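J.: Sharing my_file-v3.csv below, CSV, C-alpha atoms:
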```csv
chain,number,residue,atom,x,y,z
A,1,MET,CA,128.3,94.8,152.1
A,2,ALA,CA,131.9,95.9,152.0
A,3,THR,CA,132.2,99.2,150.3
A,4,ASP,CA,135.1,101.4,149.4
A,5,LEU,CA,134.7,105.1,150.2
A,6,ASP,CA,136.5,107.5,147.8
A,7,GLY,CA,135.3,107.0,144.3
A,8,THR,CA,132.6,104.6,145.4
A,9,LEU,CA,130.3,105.4,148.3
A,10,LEU,CA,131.3,109.1,148.4
A,11,ARG,CA,130.4,111.6,145.8
A,12,PRO,CA,133.2,113.1,143.6
A,13,ASP,CA,133.6,115.9,146.1
A,14,GLY,CA,134.2,113.5,148.9
A,15,THR,CA,130.9,114.1,150.7
A,16,VAL,CA,128.1,111.7,151.7
A,17,SER,CA,124.8,112.4,150.0
A,18,ASP,CA,121.5,112.5,151.8
A,19,ARG,CA,120.4,109.6,149.6
A,20,THR,CA,123.3,107.5,150.7
A,21,VAL,CA,122.7,108.3,154.4
A,22,SER,CA,119.1,107.2,154.0
A,23,ALA,CA,120.0,104.1,152.0
A,24,VAL,CA,122.6,103.0,154.6
A,25,ARG,CA,120.1,103.5,157.4
A,26,ARG,CA,117.5,101.5,155.6
A,27,ALA,CA,119.9,98.7,154.8
A,28,ARG,CA,121.2,98.4,158.3
A,29,GLY,CA,117.6,98.4,159.6
A,30,ALA,CA,117.0,95.4,157.3
A,31,GLY,CA,119.9,93.6,158.8
A,32,ILE,CA,122.6,94.4,156.2
A,33,GLN,CA,125.9,95.4,157.7
A,34,VAL,CA,127.6,98.1,155.7
A,35,ILE,CA,131.4,98.0,156.3
A,36,PRO,CA,133.7,100.8,155.0
A,37,VAL,CA,136.8,99.3,153.4
A,38,THR,CA,139.1,102.1,152.6
A,39,GLY,CA,142.7,103.2,151.9
A,40,ARG,CA,142.2,106.1,154.4
A,41,PRO,CA,143.8,105.8,157.8
A,42,PRO,CA,141.5,105.6,160.8
A,43,HIS,CA,141.7,109.3,161.8
A,44,VAL,CA,140.3,110.5,158.5
A,45,THR,CA,137.7,107.8,158.3
A,46,TRP,CA,135.8,108.3,161.6
A,47,ASP,CA,133.8,111.4,160.6
A,48,ILE,CA,132.9,110.1,157.1
A,49,ALA,CA,131.8,106.7,158.5
A,50,ALA,CA,129.7,108.4,161.2
A,51,ASP,CA,128.1,110.8,158.7
A,52,ALA,CA,127.1,107.8,156.5
A,53,GLY,CA,126.0,105.6,159.4
A,54,LEU,CA,128.4,102.8,158.5
A,55,GLY,CA,129.5,99.9,160.6
A,56,PRO,CA,129.8,98.2,163.0
A,57,LEU,CA,133.4,97.5,162.0
A,58,GLY,CA,135.6,99.0,159.3
A,59,VAL,CA,138.8,98.4,157.4
A,60,CYS,CA,141.3,101.2,157.0
A,61,ALA,CA,144.7,101.8,155.4
A,62,ASN,CA,144.2,99.2,152.7
A,63,GLY,CA,143.7,96.5,155.3
A,64,ALA,CA,146.4,97.5,157.7
A,65,ALA,CA,143.9,98.6,160.4
A,66,LEU,CA,140.7,96.9,161.5
A,67,VAL,CA,138.5,99.3,163.4
A,68,ASP,CA,135.3,99.7,165.5
A,69,VAL,CA,133.6,102.5,163.7
A,70,SER,CA,131.1,103.3,166.5
A,71,SER,CA,133.6,103.6,169.3
A,72,ARG,CA,136.4,105.0,167.0
A,73,GLN,CA,138.8,102.3,168.3
A,74,VAL,CA,141.6,100.6,166.4
A,75,LEU,CA,141.2,96.9,167.0
A,76,GLU,CA,144.1,95.4,165.0
A,77,VAL,CA,147.1,96.9,163.2
A,78,SER,CA,149.4,95.2,160.7
A,79,ASN,CA,152.6,97.3,160.5
A,80,LEU,CA,155.3,97.2,157.9
A,81,ALA,CA,158.6,96.5,159.7
A,82,ALA,CA,161.0,99.5,159.7
A,83,GLU,CA,163.9,97.4,158.4
A,84,VAL,CA,161.8,96.3,155.5
A,85,CYS,CA,160.8,99.9,154.8
A,86,GLY,CA,164.5,100.8,154.8
A,87,LYS,CA,165.3,98.1,152.3
A,88,LEU,CA,162.4,99.1,150.1
A,89,VAL,CA,163.5,102.7,150.1
A,90,GLY,CA,167.0,101.8,149.1
A,91,HIS,CA,165.9,99.4,146.4
A,92,LEU,CA,163.4,101.8,144.9
A,93,ARG,CA,165.8,104.7,144.9
A,94,ASP,CA,168.2,102.6,142.8
A,95,ALA,CA,165.4,101.5,140.4
A,96,LEU,CA,163.5,104.8,140.0
A,97,PRO,CA,165.5,108.1,139.8
A,98,GLY,CA,163.6,111.1,141.0
A,99,ILE,CA,161.4,109.0,143.4
A,100,LEU,CA,159.7,110.8,146.3
A,101,PHE,CA,158.6,109.0,149.5
A,102,ALA,CA,156.0,109.4,152.3
A,103,VAL,CA,155.2,107.0,155.1
A,104,GLU,CA,152.0,106.6,157.1
A,105,GLU,CA,151.5,105.6,160.7
A,106,MET,CA,148.6,106.1,163.1
A,107,GLY,CA,147.7,109.8,163.1
A,108,LEU,CA,150.7,111.0,161.2
A,109,PHE,CA,151.7,111.3,157.5
A,110,SER,CA,155.5,112.0,157.0
A,111,TYR,CA,156.7,113.1,153.6
A,112,GLU,CA,159.7,114.3,151.7
A,113,ALA,CA,159.8,117.8,150.0
A,114,ASP,CA,157.7,118.0,146.8
A,115,PHE,CA,155.8,114.8,147.6
A,116,LEU,CA,152.7,116.9,148.2
A,117,ASP,CA,151.4,120.3,149.5
A,118,PRO,CA,149.8,119.4,152.8
A,119,VAL,CA,148.0,122.7,153.1
A,120,ALA,CA,146.3,122.1,149.7
A,121,TRP,CA,145.3,118.6,150.9
A,122,GLY,CA,144.1,119.9,154.2
A,123,TRP,CA,146.5,117.6,156.1
A,124,GLU,CA,148.6,120.3,157.8
A,125,GLU,CA,147.7,119.1,161.4
A,126,ASP,CA,148.7,115.5,160.8
A,127,THR,CA,151.8,115.8,158.7
A,128,GLN,CA,155.5,116.3,159.1
A,129,ARG,CA,158.0,117.1,156.4
A,130,VAL,CA,161.4,115.4,156.5
A,131,SER,CA,164.5,115.8,154.4
A,132,ASP,CA,164.9,112.0,154.0
A,133,ILE,CA,162.0,109.6,154.6
A,134,VAL,CA,164.5,107.3,156.4
A,135,GLN,CA,164.3,109.7,159.3
A,136,ALA,CA,160.6,108.9,159.7
A,137,LEU,CA,160.7,105.1,159.6
A,138,SER,CA,159.6,103.4,162.8
A,139,ALA,CA,158.0,100.2,164.1
A,140,SER,CA,154.6,101.9,163.9
A,141,CYS,CA,154.6,102.6,160.2
A,142,PHE,CA,151.9,100.7,158.3
A,143,LYS,CA,152.3,102.1,154.7
A,144,LEU,CA,155.3,103.2,152.6
A,145,ILE,CA,154.2,105.5,149.8
A,146,PHE,CA,156.1,106.7,146.7
A,147,ARG,CA,155.6,108.6,143.5
A,148,VAL,CA,157.8,109.6,140.6
A,149,PRO,CA,156.8,112.8,138.8
A,150,GLY,CA,155.6,112.1,135.3
A,151,TRP,CA,154.7,108.5,136.1
A,152,SER,CA,151.1,107.2,136.6
A,153,ALA,CA,150.3,104.7,139.4
A,154,ARG,CA,149.5,102.1,136.8
A,155,GLU,CA,153.0,102.5,135.3
A,156,LEU,CA,154.7,102.3,138.6
A,157,ILE,CA,152.9,99.2,139.7
A,158,ALA,CA,153.7,97.5,136.5
A,159,ALA,CA,157.4,98.4,137.0
A,160,VAL,CA,157.8,97.2,140.6
A,161,GLU,CA,155.0,94.9,141.7
A,162,ALA,CA,156.6,91.6,140.6
A,163,ASP,CA,160.0,92.5,142.1
A,164,LEU,CA,158.6,93.7,145.5
A,165,SER,CA,155.8,91.2,146.0
A,166,GLU,CA,157.7,89.2,148.7
A,167,MET,CA,158.6,92.3,150.6
A,168,GLY,CA,155.1,93.9,150.7
A,169,HIS,CA,151.7,94.3,149.2
A,170,VAL,CA,151.8,96.8,146.3
A,171,THR,CA,148.7,98.8,145.3
A,172,SER,CA,147.3,102.2,144.7
A,173,SER,CA,144.3,104.1,146.1
A,174,GLY,CA,143.8,106.3,143.0
A,175,PHE,CA,146.4,109.0,143.1
A,176,ASP,CA,149.6,108.9,141.0
A,177,TRP,CA,151.4,107.2,143.8
A,178,VAL,CA,151.9,103.6,145.0
A,179,GLU,CA,151.4,102.3,148.5
A,180,ILE,CA,153.2,99.3,150.0
A,181,GLY,CA,151.8,97.5,153.1
A,182,ALA,CA,153.0,94.4,154.9
A,183,PRO,CA,153.1,91.2,152.9
A,184,GLY,CA,149.7,89.6,152.5
A,185,VAL,CA,147.9,92.6,154.1
A,186,SER,CA,145.2,93.8,151.8
A,187,LYS,CA,141.5,94.8,151.9
A,188,ALA,CA,140.6,91.1,151.4
A,189,TYR,CA,142.8,90.1,154.4
A,190,ALA,CA,141.2,92.6,156.7
A,191,MET,CA,137.6,91.8,155.5
A,192,GLN,CA,138.2,88.1,156.3
A,193,ARG,CA,139.1,89.3,159.8
A,194,VAL,CA,135.8,91.3,159.9
A,195,CYS,CA,133.9,88.2,158.8
A,196,ASP,CA,135.5,86.1,161.5
A,197,ARG,CA,134.5,88.6,164.2
A,198,LEU,CA,131.0,89.0,162.9
A,199,GLY,CA,130.3,85.4,162.1
A,200,VAL,CA,129.6,86.1,158.4
A,201,LYS,CA,130.5,83.8,155.6
A,202,VAL,CA,132.5,85.1,152.6
A,203,SER,CA,129.8,83.9,150.3
A,204,GLU,CA,127.4,86.3,152.0
A,205,VAL,CA,129.6,89.4,151.3
A,206,MET,CA,129.1,91.8,148.5
A,207,ALA,CA,132.1,94.0,147.8
A,208,VAL,CA,132.0,97.3,145.9
A,209,GLY,CA,135.1,99.2,144.8
A,210,ASP,CA,136.6,101.4,142.1
A,211,ASN,CA,140.4,101.2,142.2
A,212,HIS,CA,143.4,99.0,142.2
A,213,ASN,CA,143.4,98.6,146.0
A,214,ASP,CA,139.9,97.1,145.7
A,215,LEU,CA,140.9,94.2,143.4
A,216,THR,CA,141.8,91.8,146.3
A,217,VAL,CA,138.5,92.3,148.1
A,218,LEU,CA,136.5,92.1,144.9
A,219,ALA,CA,138.2,88.8,144.0
A,220,TRP,CA,137.6,87.5,147.6
A,221,ALA,CA,134.0,88.4,148.1
A,222,GLY,CA,131.0,86.3,147.2
A,223,ARG,CA,129.8,89.0,144.8
A,224,ALA,CA,131.8,91.8,143.2
A,225,VAL,CA,130.4,95.1,142.1
A,226,ALA,CA,131.9,98.3,140.8
A,227,PRO,CA,130.6,101.8,140.0
A,228,ALA,CA,130.7,102.9,136.4
A,229,ASN,CA,133.5,105.3,137.1
A,230,ALA,CA,135.9,102.5,138.2
A,231,ILE,CA,139.2,101.9,136.5
A,232,PRO,CA,139.2,99.4,133.6
A,233,GLU,CA,140.9,96.6,135.6
A,234,VAL,CA,138.1,96.8,138.2
A,235,LEU,CA,135.3,96.9,135.6
A,236,ALA,CA,136.8,93.7,134.0
A,237,ALA,CA,136.9,91.9,137.4
A,238,VAL,CA,133.3,92.4,138.6
A,239,GLU,CA,130.0,90.7,137.8
A,240,ARG,CA,128.0,93.8,138.0
A,241,VAL,CA,128.4,97.5,137.2
A,242,ILE,CA,126.2,100.1,139.0
A,243,PRO,CA,125.8,103.8,138.4
A,244,SER,CA,128.7,106.0,139.2
A,245,ASN,CA,129.5,107.6,142.5
A,246,SER,CA,128.2,110.9,141.1
A,247,ASP,CA,124.8,109.2,140.6
A,248,ASP,CA,124.8,107.6,144.1
A,249,GLY,CA,125.3,104.1,142.7
A,250,VAL,CA,126.0,102.5,146.0
A,251,ALA,CA,122.9,104.1,147.5
A,252,GLN,CA,120.8,102.7,144.7
A,253,LEU,CA,122.3,99.2,145.3
A,254,LEU,CA,121.6,99.4,149.0
A,255,GLU,CA,118.0,100.5,148.3
A,256,GLU,CA,117.6,97.4,146.1
A,257,LEU,CA,119.2,95.1,148.7
A,258,ALA,CA,117.1,96.5,151.5
A,259,GLY,CA,114.0,96.1,149.5
A,260,GLY,CA,114.9,92.5,148.8
A,261,ALA,CA,115.6,91.9,152.5
A,262,ALA,CA,112.3,93.4,153.5
A,263,SER,CA,110.5,91.2,151.0
A,264,ALA,CA,112.2,88.1,152.2
A,265,SER,CA,111.2,88.8,155.8
```
Spell out the structure here as structure tokens.
T.:
Amino acid sequence: MATDLDGTLLRPDGTVSDRTVSAVRRARGAGIQVIPVTGRPPHVTWDIAADAGLGPLGVCANGAALVDVSSRQVLEVSNLAAEVCGKLVGHLRDALPGILFAVEEMGLFSYEADFLDPVAWGWEEDTQRVSDIVQALSASCFKLIFRVPGWSARELIAAVEADLSEMGHVTSSGFDWVEIGAPGVSKAYAMQRVCDRLGVKVSEVMAVGDNHNDLTVLAWAGRAVAPANAIPEVLAAVERVIPSNSDDGVAQLLEELAGGAASAS
């Protein structure tokens, strides 16, 4: 199983329920690998993945990082070239007055004033504020992020996706901001890399997700599932809807799968 974290496996408060921990343990004991596939960067994925017992591999940063969950190692990184980031910043500033930027690299989130309040988000140890995001662009950036006050992520994606598709992969993880990764780099891209490493066929993969950044992996997987709290675009793209994350829908699905695997053996 490939499962998103926030809004999917995790409860609304961002925690892992006891039922989920038990269900993951039971599923893995039945031979079902439970792979986290998240928009989070690696350093804010490790503890959650460990608490839930996920693994052995994982996908972070919307596919930009393939990781070994158990050893907390980053195995592969797909960066967004600094020169491409610079072109994107210039283009978007011309197109969207009032735009605010942030950029993410391994272990560091750089942001312009008013993009967010890092203390409120609990990111103060891993953030830096810059007067102009261009100052933070480097070869190690893997995600350019932007928001426009008063605009929803859905509105922003509709406004820029077609125009930017050749420069980067445009998506959103659920906030009112848009994230751009390297061209072709998505959750589906990284999950294919996971399958290649584990010797698993795509037809054997069940993917579960709730937001725009899950659409690629849901379309790619052998089976696509969403929690009831998913956005309308996701609900329209899946073959099955399970209970919401507040009702431990993924845990219920894992219990069902583990029971079926036990019966088959």
J.: Might you pull out every residue within 12 Å of A:Val200, with all atoms listed in the file counted and same-chain residues fewer than 5 positions away left off, and present them as a compact mmCIF listing (two decimals) with C-alpha atoms, keeping the file's coordinate frame?
T.:
```txt
# COMPACT_ATOMS: atom_id res chain seq x y z
CA MET A 1 128.30 94.80 152.10
CA ALA A 2 131.90 95.90 152.00
CA ILE A 32 122.60 94.40 156.20
CA GLN A 33 125.90 95.40 157.70
CA MET A 191 137.60 91.80 155.50
CA GLN A 192 138.20 88.10 156.30
CA ARG A 193 139.10 89.30 159.80
CA VAL A 194 135.80 91.30 159.90
CA CYS A 195 133.90 88.20 158.80
CA VAL A 205 129.60 89.40 151.30
CA MET A 206 129.10 91.80 148.50
CA ALA A 221 134.00 88.40 148.10
CA GLY A 222 131.00 86.30 147.20
```
J.: Report, in Å with one decimal, the straight-line distance from atom CA of A:Gly249 to atom CA of A:Leu9.
T.: 7.6 Å
J.: Counting all atoms listed in the file, note down every residue that has an atom within 12 Å of the point (164.1, 105.8, 143.6) (file coordinates), as an MDAnalysis selection string.
T.: chainID A and resid 87:101 133 145:149 156 159:160
J.: Show which residues sit within 12 Å of A:Leu108, as a PDB file with C-alpha atoms, in the frame of the given file. Count all atoms listed in the file, and ignore same-chain residues fewer than 2 positions away.
T.:
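Saved as result_26.pdb:
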```pdb
ATOM      1  CA  ARG A  40     142.200 106.100 154.400  1.00  0.00           C
ATOM      2  CA  PRO A  41     143.800 105.800 157.800  1.00  0.00           C
ATOM      3  CA  PRO A  42     141.500 105.600 160.800  1.00  0.00           C
ATOM      4  CA  HIS A  43     141.700 109.300 161.800  1.00  0.00           C
ATOM      5  CA  VAL A  44     140.300 110.500 158.500  1.00  0.00           C
ATOM      6  CA  ALA A 102     156.000 109.400 152.300  1.00  0.00           C
ATOM      7  CA  VAL A 103     155.200 107.000 155.100  1.00  0.00           C
ATOM      8  CA  GLU A 104     152.000 106.600 157.100  1.00  0.00           C
ATOM      9  CA  GLU A 105     151.500 105.600 160.700  1.00  0.00           C
ATOM     10  CA  MET A 106     148.600 106.100 163.100  1.00  0.00           C
ATOM     11  CA  SER A 110     155.500 112.000 157.000  1.00  0.00           C
ATOM     12  CA  TYR A 111     156.700 113.100 153.600  1.00  0.00           C
ATOM     13  CA  PRO A 118     149.800 119.400 152.800  1.00  0.00           C
ATOM     14  CA  TRP A 123     146.500 117.600 156.100  1.00  0.00           C
ATOM     15  CA  GLU A 124     148.600 120.300 157.800  1.00  0.00           C
ATOM     16  CA  GLU A 125     147.700 119.100 161.400  1.00  0.00           C
ATOM     17  CA  ASP A 126     148.700 115.500 160.800  1.00  0.00           C
ATOM     18  CA  THR A 127     151.800 115.800 158.700  1.00  0.00           C
ATOM     19  CA  GLN A 128     155.500 116.300 159.100  1.00  0.00           C
ATOM     20  CA  ARG A 129     158.000 117.100 156.400  1.00  0.00           C
ATOM     21  CA  ALA A 136     160.600 108.900 159.700  1.00  0.00           C
ATOM     22  CA  LEU A 137     160.700 105.100 159.600  1.00  0.00           C
ATOM     23  CA  SER A 138     159.600 103.400 162.800  1.00  0.00           C
ATOM     24  CA  SER A 140     154.600 101.900 163.900  1.00  0.00           C
ATOM     25  CA  CYS A 141     154.600 102.600 160.200  1.00  0.00           C
ATOM     26  CA  PHE A 142     151.900 100.700 158.300  1.00  0.00           C
ATOM     27  CA  LYS A 143     152.300 102.100 154.700  1.00  0.00           C
TER      28      LYS A 143
END
```
J.: So which residues touch stretch 50-66 of chain A within 8 Å, counting only C-alpha atoms, skipping near sequence neighbours fewer than 5 positions away, as an mmCIF file with C-alpha atoms, in the coordinates of the input?
T.:
```
data_model
loop_
_atom_site.group_PDB
_atom_site.id
_atom_site.type_symbol
_atom_site.label_atom_id
_atom_site.label_comp_id
_atom_site.auth_asym_id
_atom_site.auth_seq_id
_atom_site.Cartn_x
_atom_site.Cartn_y
_atom_site.Cartn_z
ATOM 1 C CA VAL A 16 128.100 111.700 151.700
ATOM 2 C CA THR A 20 123.300 107.500 150.700
ATOM 3 C CA VAL A 21 122.700 108.300 154.400
ATOM 4 C CA VAL A 24 122.600 103.000 154.600
ATOM 5 C CA ARG A 25 120.100 103.500 157.400
ATOM 6 C CA GLN A 33 125.900 95.400 157.700
ATOM 7 C CA VAL A 34 127.600 98.100 155.700
ATOM 8 C CA ILE A 35 131.400 98.000 156.300
ATOM 9 C CA PRO A 36 133.700 100.800 155.000
ATOM 10 C CA VAL A 37 136.800 99.300 153.400
ATOM 11 C CA THR A 38 139.100 102.100 152.600
ATOM 12 C CA GLY A 39 142.700 103.200 151.900
ATOM 13 C CA ARG A 40 142.200 106.100 154.400
ATOM 14 C CA PRO A 41 143.800 105.800 157.800
ATOM 15 C CA PRO A 42 141.500 105.600 160.800
ATOM 16 C CA THR A 45 137.700 107.800 158.300
ATOM 17 C CA VAL A 74 141.600 100.600 166.400
ATOM 18 C CA LEU A 75 141.200 96.900 167.000
ATOM 19 C CA GLU A 76 144.100 95.400 165.000
ATOM 20 C CA VAL A 77 147.100 96.900 163.200
ATOM 21 C CA SER A 78 149.400 95.200 160.700
ATOM 22 C CA ASN A 79 152.600 97.300 160.500
ATOM 23 C CA PHE A 142 151.900 100.700 158.300
ATOM 24 C CA LYS A 143 152.300 102.100 154.700
ATOM 25 C CA GLY A 181 151.800 97.500 153.100
ATOM 26 C CA ALA A 182 153.000 94.400 154.900
ATOM 27 C CA VAL A 185 147.900 92.600 154.100
ATOM 28 C CA SER A 186 145.200 93.800 151.800
ATOM 29 C CA LYS A 187 141.500 94.800 151.900
ATOM 30 C CA ALA A 188 140.600 91.100 151.400
ATOM 31 C CA TYR A 189 142.800 90.100 154.400
ATOM 32 C CA ALA A 190 141.200 92.600 156.700
ATOM 33 C CA MET A 191 137.600 91.800 155.500
ATOM 34 C CA ARG A 193 139.100 89.300 159.800
ATOM 35 C CA VAL A 194 135.800 91.300 159.900
ATOM 36 C CA ASN A 213 143.400 98.600 146.000
#
```
J.: Let me make sure I understand: among A:Gly86, A:Pro227, A:Pro232, A:Gly259, which one has the smallest atom-to-atom distance to A:Gly29 if we use all atoms listed in the file?
T.: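 The closest residue to A:Gly29 is A:Gly259.
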J.: Using Å and a single decimal, report how far atom CA of A:Gly184 sits from atom CA of A:Val217.
T.: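 It comes out at 12.3 Å.
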J.: Rounded to one decimal in Å, what is the spacing between atom CA of A:Val134 and atom CA of A:Val84?
T.: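 These atoms are spaced 11.4 Å apart.
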J.: Which neighbours of A:Ala219 fall inside 10 Å, counting all atoms listed in the file, when residues of the same chain fewer than 6 positions from it are skipped, and could you give them as an NGL selection string?
T.: :A and (188 or 207 or 234 or 237-238)
J.: Using all atoms listed in the file, which residues sit within 12 Å of A:Ser152 once same-chain residues fewer than 5 positions away are excluded, as a list in words?
T.: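 So, after excluding close chain neighbours, the residues are Phe146, Arg147, Ile157, Ala158, Ala159, Ser172, Gly174, Phe175, Asp176, Trp177 and Val178 of chain A.
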